[in-house]
Amino acid sequence: MHILVTGGAGFIGSNFIFYLADHHPDWQITCLDKLTYAGNLETLDSVRNKAGFDFVRGDIADRDFVNDLFSQGHFDMVVNFAAESHVDRSIEDPSIFLKTNVLGTQVLMDACRRTGIRRFHQVGTDEVYGDLPLDRPDLFFTETTPLTASSPYSASKASADLLVMAYHRTYGLPVTISRCSNNYGPWQFPEKLIPLMIINALSDKALPVYGTGQNVRDWLYVEDHCKAIDLILTDGQDGEVYNIGGHNEKANLEVVKTILRQLNKSESLITFVGDRKGHDLRYAIDPAKISRELGWLPDTRFEDGIRRTIDWYMENRSWWEHIVSGNYRQYYEKMY
Ligand code: NAD
Ligand code: DAU
């Protein structure tokens with residue numbers, strides 16, 4: 001089995017590569033990553049010298065480059081994690097989101113069509129379903145919830161999903177899509193809520209909470225997401241969409257207070273700042289289909305996952321200190 005993992009130097013992609021290396025040691029893995037601000041080759045240090053692992057730097061939206069890569073070796077499966085992933089950056093400038101997330105997906109699928117593939121898996125997001133009201137805890141996103149994206153990021157991901165399904169129907173490309181809720185865990189770029197709050201709390205800096213802090217996200221430990229994708233690759237049906245989530249909804253303020261409590265820091269660090277434009281109120285995934293059809297269930301309780309994540313950021317300071325002292329500082333100063 002030769003698998004191409006795009007975006008493997010980012011947060012979830014790298015965790016997925018580690019998962020594959022543990023669970024399918026006989027698979028050959030090629031990681032394709034552009035190494036944008038969010039990609040970090042250091043993250044892959046533990047696998048880079050392993051037999052059966054290759055890293056290639058390149059852009060999924062560069063058709064000549066991708067065609068060249070596909071003509072050099074045959075891939076049995078492609079898992080597409082590569083994306084611009086941060087909602088706030090998409091609000092500042094949507095262009096690169098359309099190029100990477102939509103065009104990039106098309107370029108990859110065209111290469112798969114040409115060479116033939118056992119499976120193209122698109123890593124999607126629950127944000128394509130828009131949001132749910134805060135006062136209707138009985139409502140959840142299912143795979144048939146209409147796509148109603150709110151941000152340029154989620155619109156680009158929804159567009160990619162539509163294109164993936166169109167390639168299945170029109171060209172018979174064997175595809176699957178997963179739509180997961182918010183992930184957290186090791187190696188997450190510090191612009192995202194949980195690592196940002198851990199790092200700021202560790203440095204006794206203000207913790208910027210958007211709006212009232214009542215917006216709800218449905219948190220899943222990254223390894224549980226990786227396990228679900230692995231199951232979809234092996235047992236999922238072509239042309240199907242699978243929602244992934246662990247019924248773990250929390251208001252942002254609750255998450256931030258949990259982090260402060262675990263670190264023994266004062267809640268006075270919390271600072272309410274202006275709200276995100278178009279801020280989605282609540283995400284909540286119904287994972288019944290993947291549980292019923294593929295037997296997937298999450299293994300990690302939030303209390304354990306957040307403790308493990310906090311410990312990881314405390315033990316891996318050099319990884320994030322490089323990031324927060326580099327170009328990211330300019331972004332941070334502009335945002336907050
Ligand atoms: P990330 O921003 O941490 O990593 C993205 C990776 O893609 C980086 O390594 C980056 O260098 C690479 N990349 C970006 N543009 C590229 C291009 N044009 N060509 C090749 N590589 C490129 O993102 P993440 O949080 O790991 O998310 C991975 C995927 O999972 C994304 O598709 C995202 O939409 C989806 N997703 C994320 C979450 C979440 O909570 N983080 C939840 C559900 C789905
Ligand atoms: O739901 C899946 C999505 O989760 C993925 O598709 C995205 O790639 C990923 O970035 C994530 O999107 P969110 O916008 O939900 O994640 P983020 O960490 O940016 O924000 C989580 C919540 O915290 C959101 O309600 C905004 C809020 N927030 C975020 C930041 C960065 C704050 O209050 N303060 C902050 O500084």
# chains A, B, ... in the order shown; residues from 1 in each chain; ligands from 1
$ residues_near_ligand --ligand "ligand 1" --cutoff "7 Å" --atoms "only C-alpha atoms and all ligand atoms" --output "ChimeraX atom specification"
/A:6-13,32-40,58-61,80-86,100,104,123-126,157,179-184,188-189
$ select_by_dssp --residues "stretch 6-221 of chain A" --states "strand (DSSP E)" --output "number ranges by chain"
A: 6, 28-33, 53-57, 77-80, 119-125, 175-180, 183-184, 207-210, 216-218, 220-221
$ closest_residue --among "A:Asp88, A:Asp45, A:Asp62, A:Asp311" --to "A:Asp275" --atoms "only C-alpha atoms"
A:Asp88
$ closest_residue --among "A:Asn252, A:Gln122, A:Thr43, A:Asn243" --to "A:Phe140" --atoms "only C-alpha atoms"
A:Asn243
$ residues_near_ligand --ligand "ligand 2" --cutoff "9 Å" --atoms "only C-alpha atoms and all ligand atoms" --output "MDAnalysis selection string"
chainID A and resid 83:88 124:128 153:154 157 179:184 190:197 207:219 251:253 256 272:273 275:276 279:284 335:336
$ residues_around --residues "A:Ile232" --least-positions-apart "6" --cutoff "12 Å" --atoms "only C-alpha atoms" --output "ChimeraX atom specification"
/A:77,79,119-123,175-179,225-226,238-244,289-291,293-296
$ write_last_selection --atoms "C-alpha atoms" --output "CSV table (one decimal), in the first residue's frame"
chain,number,residue,atom,x,y,z
A,77,MET,CA,-4.7,6.1,-1.8
A,79,VAL,CA,-5.7,11.5,1.9
A,119,ARG,CA,-9.4,5.8,-2.9
A,120,PHE,CA,-9.3,9.6,-2.8
A,121,HIS,CA,-10.2,10.7,0.8
A,122,GLN,CA,-11.1,14.4,1.4
A,123,VAL,CA,-10.6,15.6,4.9
A,175,VAL,CA,-13.9,9.0,-3.1
A,176,THR,CA,-14.9,9.4,0.5
A,177,ILE,CA,-15.3,12.5,2.6
A,178,SER,CA,-15.1,12.9,6.4
A,179,ARG,CA,-16.4,15.9,8.2
A,225,HIS,CA,-10.0,11.7,14.3
A,226,CYS,CA,-7.0,9.8,12.8
A,238,ASP,CA,-17.0,4.9,-2.1
A,239,GLY,CA,-19.2,8.0,-2.6
A,240,GLU,CA,-20.1,8.3,1.1
A,241,VAL,CA,-19.7,11.1,3.6
A,242,TYR,CA,-18.9,10.3,7.3
A,243,ASN,CA,-19.4,12.8,10.1
A,244,ILE,CA,-16.8,12.5,12.9
A,289,LYS,CA,-23.4,6.8,10.8
A,290,ILE,CA,-19.7,6.1,11.4
A,291,SER,CA,-20.4,4.4,14.7
A,293,GLU,CA,-21.5,1.4,9.9
A,294,LEU,CA,-17.8,1.3,10.8
A,295,GLY,CA,-17.9,0.7,14.6
A,296,TRP,CA,-16.0,4.0,15.3
$ select_by_dssp --residues "stretch 55-263 of chain A" --states "alpha helix (DSSP H)" --output "PyMOL selection string"
chain A and resi 63-72+87-92+95-97+104-115+152-171+193-202+222-235+252-262
$ atom_distance --atom1 "atom CA of A:Leu108" --atom2 "atom CA of A:Phe70"
9.3 Å
$ closest_residue --among "A:His247, A:Arg114, A:Lys205, A:Lys50" --to "A:Ile285" --atoms "only C-alpha atoms"
A:His247
$ atom_distance --atom1 "atom CA of A:Trp27" --atom2 "atom CA of A:Ile117"
15.6 Å
$ residues_around --residues "A:Glu42" --least-positions-apart "4" --cutoff "10 Å" --atoms "only C-alpha atoms" --output "PyMOL selection string"
chain A and resi 9+46+48+319
